[in-house]
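Single-structure report; data block below.
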There are 2 protein chains.
Amino acid sequence: MIDVATVQAHLDGLAKPRGSLGRIEDLGVQLAVIQQRLDLVVRPRRAVLFAGDHGVVAQGVSAWPNDVTGLMVATILGGRATSSALAAAHDCDLRLVDVGVASPPTGAMPSFFRNASLGPGTADLSTGPALTIAEFDAAWAIGADEAKSACDGGFVVLIAGEMGIGNTTHAACLTALLAGASVDAAVGPGAGSDPATIAVKRRVVTDAVARAQPLLAHHPHAAIAAVAGFEIVAMAGFFAAGAAAGATLLLDGYVATAAALIAERLAPGTAAAMIAAHRSAEPGHAASLAALGLRPLLDFAMRLGEGTGALIALPLLDSAAALMRDVASLAELGVGRAD
Amino acid sequence: MIDVATVQAHLDGLAKPRGSLGRIEDLGVQLAVIQQRLDLVVRPRRAVLFAGDHGVVAQGVSAWPNDVTGLMVATILGGRATSSALAAAHDCDLRLVDVGVASPPTGAMPSFFRNASLGPGTADLSTGPALTIAEFDAAWAIGADEAKSACDGGFVVLIAGEMGIGNTTHAACLTALLAGASVDAAVGPGAGSDPATIAVKRRVVTDAVARAQPLLAHHPHAAIAAVAGFEIVAMAGFFAAGAAAGATLLLDGYVATAAALIAERLAPGTAAAMIAAHRSAEPGHAASLAALGLRPLLDFAMRLGEGTGALIALPLLDSAAALMRDVASLAELGVGRAD
């Protein structure tokens with residue numbers, strides 16, 4: 001059993017001043033407890049991006065039209081998105097799963113793409129439940145299947161990312177519903193909304209949360225499905241199955257953390273396998289991270305999605321692994337601790 | 001001429017919400033202005049570690065004896081130090097230069113080691129000048145030579161690191177002298193000193209700064225030499241020559257930043273080539289970074305030295321470069337900006 005004290009004793013035996021790598025040592029402790037080993041493994045790693053659209057965009061909650069989801073999917077498929085560039089830079093395998101894009105690209109697809117579309121997008125959460133229970137279960141199963149096949153393929157660190165115009169509206173609902181954040185705290189700019197758009201978004205979220213809240217205690221699936229989205233639920237299933245299979249989960253930003261809230265609610269213990277990559281520029285992210293007991297590594301005012309925050313933080317895991325695995329002990333050098 | 005506006009326009013044309021990578025975009029701007037190109041180059045990169053001892057350790061300013069410098073040099077030579085592990089993890093060439101180790105290892109040396117020892121250590125700054133002007137100039141020249149040969153060898157990103165028991169006492173003097181920090185703010189725990197040791201350190205620094213201060217206006221070399229150290233001055237020469245040769249300098253922690261203060265004082269403009277990797281756990285580091293106009297990337301409570309903070313931050317440069325170089329523009333996708 002590798003507990004915090006075991007890992008701390010290992011770190012305190014290394015040839016460096018005690019505690020002198022600060023947050024990287026904390027990360028080493030966290031990873032070793034998740035992985036139940038001192039010789040951390042951080043390769044191979046995979047990011048799976050789930051893409052889907054959202055009917056609520058019709059209400060004017062986003063600066064961008066739905067079509068942009070499909071365009072960004074095409075850009076990822078072409079290897080030219082921010083996530084593509086960062087995954088390549090940090091030796092991370094990348095997959096893309098369409099769980100409900102309104103205007104998906106057509107033609108020959110690369111092997112890292114999976115068409116698992118459940119329809120042309122999540123229903124408009126302002127006029128009714130965003131997902132049926134059957135849709136929720138189907139999206140969860142797709143994500144869980146992705147995690148299982150990644151773990152079967154030997155991937156040890158998993159990232160879930162998303163692409164979906166309008167999905168910060170869903171994430172705000174989930175953050176209010178599951179992390180107890182006020183709507184004011186939960187609603188942020190998303191992909192760059194102006195004040196008028198944010199006001200619409202706030203009203204939509206207030207109403208949707210008011211409808212979902214009463215269901216939460218006795219019908220949590222229904223309450224969550226009412227404000228979730230295909231790609232968000234797929235990420236939740238991915239997290240739950242990944243944690244169950246022993247993977248280390250590197251958590252991206254606001255939308256991914258909303259998915260983590262779902263996973264932790266329906267599969268308690270999932271968050272124990274998570275490292276929070278960053279706190280995003282979305283104001284509600286601090287509340288959802290706190291609800292999960294996670295402390296973010298970076299605070300870089302990022303809000304892109306696509307798993308990019310996790311990809312940027314990924315090499316910090318490499319640093320923690322190198323420290324834990326490759327550094328001499330003071331005992332080897334024949335020196336006693338002076339500090 | 002690549003100025004901030006040019007880089008910002010490039011970033012704002014990419015297929016992602018405007019400003020959505022936050023601090024990574026700021027880093028991209030900073031790197032592009034340093035490198036005068038939008039297609040950033042971050043490889044190959046080299047860290048040069050300068051090692052030296054310090055007579056002031058006899059006063060009881062450190063938790064560790066001088067011998068530990070030589071032992072850590074041997075550990076680096078054996079590839080088992082924290083810096084070795086991190087350099088290997090992040091594809092960074094590593095060199096080690098002895099500029100004045102009291103008990104250097106003997107025997108066959110690997111090719112990444114250079115013996116440029118100027119003596120068995122810097123003189124005790126509490127009883128007289130730490131360095132003569134001739135020693136200062138010699139140490140500077142060694143560092144400058146290392147930077148020039150790295151640039152001649154094609155290295156584009158340079159890190160300077162240090163190993164030297166007692167050198168945070170010197171760094172504290174330099175931070176008080178050159179960044180205007182109070183001695184209370186400048187003196188921290190170093191490699192893990194207890195309160196009694198810190199009290200001694202504080203008294204030693206107070207006295208040394210009081211002697212050096214009056215010389216600063218008219219004899220800056222002499223004032224700085226009085227409280228500097230072989231490895232610190234070598235780092236200063238490394239920075240000045242590296243900046244002059246067009247390298248990007250990734251700045252490590254408290255001791256490296258003290259060296260940067262020297263470089264900026266004697267070769268103004270050097271700091272413009274610098275990216276600050278992190279703010280260390282040493283309380284004076286904020287003051288020295290501020291004096292150089294540098295904003296640190298990480299705030300991880302690290303205080304190890306050996307270039308380790310810079311090595312941990314190095315992949316953030318890879319992320320910025322990947323963003324600037326490899327991401328599609330909205331124009332390519334035929335989409336106008338909505339944000």
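Going by the structure tokens order, chains are called A, B, ..., each with residues numbered from 1, while ligands are numbered from 1 in the order shown.
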Show which residues sit within 7 Å of region 68-71 of chain A, as a compact mmCIF listing (two decimals) with N, CA and C atoms, in the first residue's frame. Count only C-alpha atoms, and ignore same-chain residues fewer than 6 positions away.
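In the end it all went to selection.txt:
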# COMPACT_ATOMS: atom_id res chain seq x y z
N ASP A 53 -22.85 19.07 -30.58
CA ASP A 53 -23.51 20.37 -30.65
C ASP A 53 -24.65 20.48 -29.65
N VAL A 101 -22.35 15.84 -33.53
CA VAL A 101 -22.03 17.10 -34.21
C VAL A 101 -23.11 17.36 -35.25
N SER A 103 -23.13 19.41 -37.98
CA SER A 103 -22.65 19.41 -39.37
C SER A 103 -21.26 18.79 -39.42
N PRO A 104 -21.20 17.46 -39.30
CA PRO A 104 -19.88 16.82 -39.27
C PRO A 104 -19.22 16.86 -40.64
N PRO A 105 -17.90 16.82 -40.67
CA PRO A 105 -17.21 16.76 -41.96
C PRO A 105 -17.51 15.43 -42.64
N MET A 163 -15.14 19.52 -27.77
CA MET A 163 -15.38 20.57 -28.74
C MET A 163 -16.88 20.65 -28.90
N GLY A 164 -17.47 21.79 -28.62
CA GLY A 164 -18.91 21.92 -28.76
C GLY A 164 -19.36 23.33 -28.48
N ILE A 165 -19.66 24.08 -29.52
CA ILE A 165 -20.14 25.45 -29.33
C ILE A 165 -21.36 25.40 -28.41
Test item: chain A residues at most 7 Å from chain B, counting only C-alpha atoms, as a ChimeraX atom specification: /A:16-17,20-23,63-64,80-82,85-86,89,191-193,300-304,312,315-316,318-319,322-323,326-328,338-339
Put those residues in a file: C-alpha atoms, as a CSV table (one decimal), in the first residue's frame.
chain,number,residue,atom,x,y,z
A,16,LYS,CA,18.2,17.4,-2.7
A,17,PRO,CA,17.0,19.7,0.1
A,20,SER,CA,12.8,21.8,-2.5
A,21,LEU,CA,10.7,20.9,-5.5
A,22,GLY,CA,7.6,22.2,-3.9
A,23,ARG,CA,4.5,21.6,-6.0
A,63,ALA,CA,-20.6,34.2,-29.8
A,64,TRP,CA,-20.1,31.4,-32.4
A,80,ARG,CA,-4.2,21.8,-37.4
A,81,ALA,CA,-6.1,22.5,-34.2
A,82,THR,CA,-4.5,23.7,-31.0
A,85,ALA,CA,-0.3,20.9,-32.1
A,86,LEU,CA,0.0,20.4,-28.3
A,89,ALA,CA,4.5,18.6,-28.9
A,191,ALA,CA,-15.5,31.2,-26.0
A,192,GLY,CA,-15.7,35.0,-25.9
A,193,SER,CA,-19.2,36.2,-25.3
A,300,PHE,CA,-2.9,30.5,-16.7
A,301,ALA,CA,-6.3,32.1,-17.5
A,302,MET,CA,-6.9,29.6,-20.3
A,303,ARG,CA,-10.4,28.8,-21.6
A,304,LEU,CA,-9.9,27.0,-25.0
A,312,ILE,CA,-0.1,22.0,-21.6
A,315,PRO,CA,5.0,17.6,-19.0
A,316,LEU,CA,4.6,18.5,-15.3
A,318,ASP,CA,7.0,14.0,-16.7
A,319,SER,CA,8.9,16.2,-14.3
A,322,ALA,CA,11.7,11.9,-13.5
A,323,LEU,CA,12.1,13.2,-9.9
A,326,ASP,CA,15.7,8.9,-11.6
A,327,VAL,CA,17.3,10.8,-8.8
A,328,ALA,CA,19.9,9.3,-6.4
A,338,ALA,CA,21.1,18.1,7.3
A,339,ASP,CA,17.7,19.8,6.8
Distance query Ile224 (chain B) at most 9 Å, only C-alpha atoms, self and fewer than 2 positions along chain excluded, as number ranges by chain: B: 131, 136, 174, 177-178, 212, 215-216, 219-222, 226-228, 262
Long-range neighbours of Gly180 (chain A) as a PyMOL selection string, 12 Å cut-off, only C-alpha atoms, 4 positions minimum in chain: chain A and resi 172-176+184-186+209+213+216+258+261+284-292
Can I get the selected residues back with C-alpha atoms, as a JSON list (two decimals), in the first residue's frame?
[["chain", "number", "residue", "atom", "x", "y", "z"],
["A", 172, "ALA", "CA", -22.49, 26.28, -15.96],
["A", 173, "CYS", "CA", -25.76, 24.46, -15.24],
["A", 174, "LEU", "CA", -23.87, 21.40, -14.00],
["A", 175, "THR", "CA", -21.54, 23.50, -11.86],
["A", 176, "ALA", "CA", -24.52, 25.22, -10.24],
["A", 184, "ASP", "CA", -23.58, 34.34, -11.23],
["A", 185, "ALA", "CA", -20.39, 32.49, -10.32],
["A", 186, "ALA", "CA", -21.00, 29.65, -12.76],
["A", 209, "VAL", "CA", -31.10, 24.84, -12.96],
["A", 213, "GLN", "CA", -32.66, 21.10, -8.97],
["A", 216, "LEU", "CA", -31.52, 15.90, -7.99],
["A", 258, "ALA", "CA", -18.40, 19.63, -15.11],
["A", 261, "LEU", "CA", -18.74, 16.34, -11.26],
["A", 284, "GLY", "CA", -17.06, 28.94, -12.00],
["A", 285, "HIS", "CA", -14.09, 26.62, -12.37],
["A", 286, "ALA", "CA", -12.75, 27.30, -8.87],
["A", 287, "ALA", "CA", -16.06, 26.07, -7.41],
["A", 288, "SER", "CA", -16.18, 22.84, -9.40],
["A", 289, "LEU", "CA", -12.53, 22.03, -8.65],
["A", 290, "ALA", "CA", -13.12, 22.71, -4.95],
["A", 291, "ALA", "CA", -16.20, 20.48, -4.93],
["A", 292, "LEU", "CA", -14.00, 17.66, -6.22]]
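Closest approach to Leu38 (chain A) among A:Ala141, A:Ala58, A:Met1, A:Cys151 is made by A:Met1 (distances from only C-alpha atoms).
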Secondary structure check, strand (DSSP E) residues of region 77-276 of chain A, as a PyMOL selection string: chain A and resi 93-100+113-115+157-163+248-251+274-276
For Lys148 (chain B), list every protein, DNA or RNA residue within 12 Å, evaluated using only C-alpha atoms, and leave out those in the same chain fewer than 6 positions away; present the list as a CSV table (one decimal) with all heavy atoms, in the first residue's frame.
chain,number,residue,atom,x,y,z
B,48,VAL,N,23.6,24.9,-18.7
B,48,VAL,CA,24.9,24.9,-18.2
B,48,VAL,C,24.9,25.1,-16.7
B,48,VAL,O,24.4,26.2,-16.3
B,48,VAL,CB,25.8,25.9,-18.9
B,48,VAL,CG1,27.3,25.8,-18.4
B,48,VAL,CG2,25.8,25.7,-20.4
B,141,ALA,N,34.2,35.7,-17.8
B,141,ALA,CA,34.7,35.2,-19.1
B,141,ALA,C,34.4,33.8,-19.3
B,141,ALA,O,34.0,33.3,-20.5
B,141,ALA,CB,36.2,35.5,-19.2
B,142,ILE,N,34.4,33.0,-18.3
B,142,ILE,CA,34.1,31.5,-18.4
B,142,ILE,C,32.6,31.4,-18.8
B,142,ILE,O,32.3,30.6,-19.7
B,142,ILE,CB,34.4,30.8,-17.1
B,142,ILE,CG1,35.9,30.7,-16.8
B,142,ILE,CG2,33.8,29.4,-17.1
B,142,ILE,CD1,36.3,30.3,-15.4
B,154,GLY,N,24.6,26.0,-32.1
B,154,GLY,CA,23.2,26.0,-32.6
B,154,GLY,C,22.1,26.0,-31.5
B,154,GLY,O,20.9,26.0,-31.8
B,155,PHE,N,22.6,26.0,-30.2
B,155,PHE,CA,21.5,26.0,-29.2
B,155,PHE,C,20.8,27.3,-29.1
B,155,PHE,O,21.5,28.4,-29.2
B,155,PHE,CB,22.2,25.7,-27.8
B,155,PHE,CG,22.7,24.3,-27.7
B,155,PHE,CD1,24.0,24.0,-28.1
B,155,PHE,CD2,21.8,23.2,-27.4
B,155,PHE,CE1,24.5,22.7,-28.0
B,155,PHE,CE2,22.3,21.9,-27.4
B,155,PHE,CZ,23.6,21.6,-27.7
B,156,VAL,N,19.5,27.3,-29.1
B,156,VAL,CA,18.7,28.5,-29.2
B,156,VAL,C,18.1,28.9,-27.9
B,156,VAL,O,17.8,30.1,-27.7
B,156,VAL,CB,17.6,28.4,-30.2
B,156,VAL,CG1,18.2,28.4,-31.7
B,156,VAL,CG2,16.7,27.1,-30.0
B,158,LEU,N,18.8,28.8,-23.8
B,158,LEU,CA,19.9,28.6,-22.8
B,158,LEU,C,19.3,28.7,-21.4
B,158,LEU,O,18.6,29.7,-21.1
B,158,LEU,CB,21.0,29.5,-23.0
B,158,LEU,CG,21.7,29.5,-24.4
B,158,LEU,CD1,22.9,30.5,-24.4
B,158,LEU,CD2,22.2,28.1,-24.8
B,237,GLY,N,27.9,36.3,-16.8
B,237,GLY,CA,28.6,36.4,-18.1
B,237,GLY,C,27.9,35.6,-19.1
B,237,GLY,O,27.8,36.0,-20.3
B,238,PHE,N,27.4,34.5,-18.7
B,238,PHE,CA,26.7,33.6,-19.6
B,238,PHE,C,25.4,34.3,-20.1
B,238,PHE,O,25.1,34.2,-21.3
B,238,PHE,CB,26.3,32.3,-18.8
B,238,PHE,CG,25.5,31.2,-19.5
B,238,PHE,CD1,26.2,30.3,-20.3
B,238,PHE,CD2,24.2,31.2,-19.4
B,238,PHE,CE1,25.5,29.3,-20.9
B,238,PHE,CE2,23.5,30.1,-20.1
B,238,PHE,CZ,24.1,29.2,-20.8
B,239,PHE,N,24.7,34.9,-19.2
B,239,PHE,CA,23.5,35.6,-19.7
B,239,PHE,C,23.8,36.8,-20.6
B,239,PHE,O,23.1,36.9,-21.7
B,239,PHE,CB,22.7,36.2,-18.4
B,239,PHE,CG,22.1,35.2,-17.5
B,239,PHE,CD1,22.1,35.3,-16.1
B,239,PHE,CD2,21.5,34.0,-18.0
B,239,PHE,CE1,21.5,34.4,-15.3
B,239,PHE,CE2,20.9,33.1,-17.2
B,239,PHE,CZ,20.9,33.3,-15.8
B,240,ALA,N,24.8,37.6,-20.3
B,240,ALA,CA,25.1,38.7,-21.1
B,240,ALA,C,25.5,38.3,-22.5
B,240,ALA,O,25.1,38.9,-23.5
B,240,ALA,CB,26.2,39.6,-20.4
B,241,ALA,N,26.4,37.3,-22.5
B,241,ALA,CA,26.9,36.9,-23.9
B,241,ALA,C,25.8,36.1,-24.6
B,241,ALA,O,25.7,36.2,-25.8
B,241,ALA,CB,28.1,36.0,-23.7
B,242,GLY,N,25.0,35.4,-23.9
B,242,GLY,CA,23.9,34.7,-24.6
B,242,GLY,C,22.9,35.6,-25.2
B,242,GLY,O,22.5,35.5,-26.3
B,243,ALA,N,22.5,36.7,-24.4
B,243,ALA,CA,21.6,37.7,-25.0
B,243,ALA,C,22.2,38.4,-26.2
B,243,ALA,O,21.5,38.6,-27.2
B,243,ALA,CB,21.2,38.7,-23.9
B,244,ALA,N,23.5,38.7,-26.0
B,244,ALA,CA,24.1,39.4,-27.1
B,244,ALA,C,24.2,38.6,-28.4
B,244,ALA,O,24.1,39.1,-29.5
B,244,ALA,CB,25.6,39.8,-26.7
B,245,ALA,N,24.3,37.2,-28.2
B,245,ALA,CA,24.3,36.3,-29.4
B,245,ALA,C,23.0,35.9,-29.9
B,245,ALA,O,22.8,35.2,-30.8
B,245,ALA,CB,25.1,35.1,-29.0
B,246,GLY,N,21.9,36.5,-29.3
B,246,GLY,CA,20.5,36.2,-29.8
B,246,GLY,C,19.8,35.1,-29.2
B,246,GLY,O,18.8,34.7,-29.7
B,247,ALA,N,20.4,34.5,-28.1
B,247,ALA,CA,19.7,33.3,-27.5
B,247,ALA,C,18.5,33.8,-26.7
B,247,ALA,O,18.4,34.9,-26.3
B,247,ALA,CB,20.7,32.6,-26.6
Coordinates-based distance that separates CA of Asp98 (chain A) from CA of Ala51 (chain A) (Å, one decimal):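 Rounded to one decimal, the two atoms are 5.0 Å apart.
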Closest of B:Gly143, B:Pro129, B:Gly307, B:Pro195 to Ala225 (chain B) - atom-to-atom distances counting only C-alpha atoms: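 Comparing B:Gly143, B:Pro129, B:Gly307, B:Pro195 against Ala225 (chain B), the winner is B:Pro129.
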Residue contacts of Gly166 (chain B) (7 Å, only C-alpha atoms) excluding same-chain residues fewer than 5 positions away, as a count of residues only: 5
Straight-line distance linking CA of Asp145 (chain B) with CA of Leu77 (chain B), stated in Å to one decimal: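 Interatomic distance, CA of Asp145 (chain B) to CA of Leu77 (chain B): 20.8 Å.
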Straight-line distance linking CA of Val204 (chain B) with CA of Ala267 (chain B), stated in Å to one decimal: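 Between CA of Val204 (chain B) and CA of Ala267 (chain B) the gap works out to 28.1 Å.
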Region 61-210 of chain B: residues DSSP assigns to helix (DSSP H, G or I), reported as a ChimeraX atom specification: /B:67-77,82-89,133-152,167-179,183-186,195-210
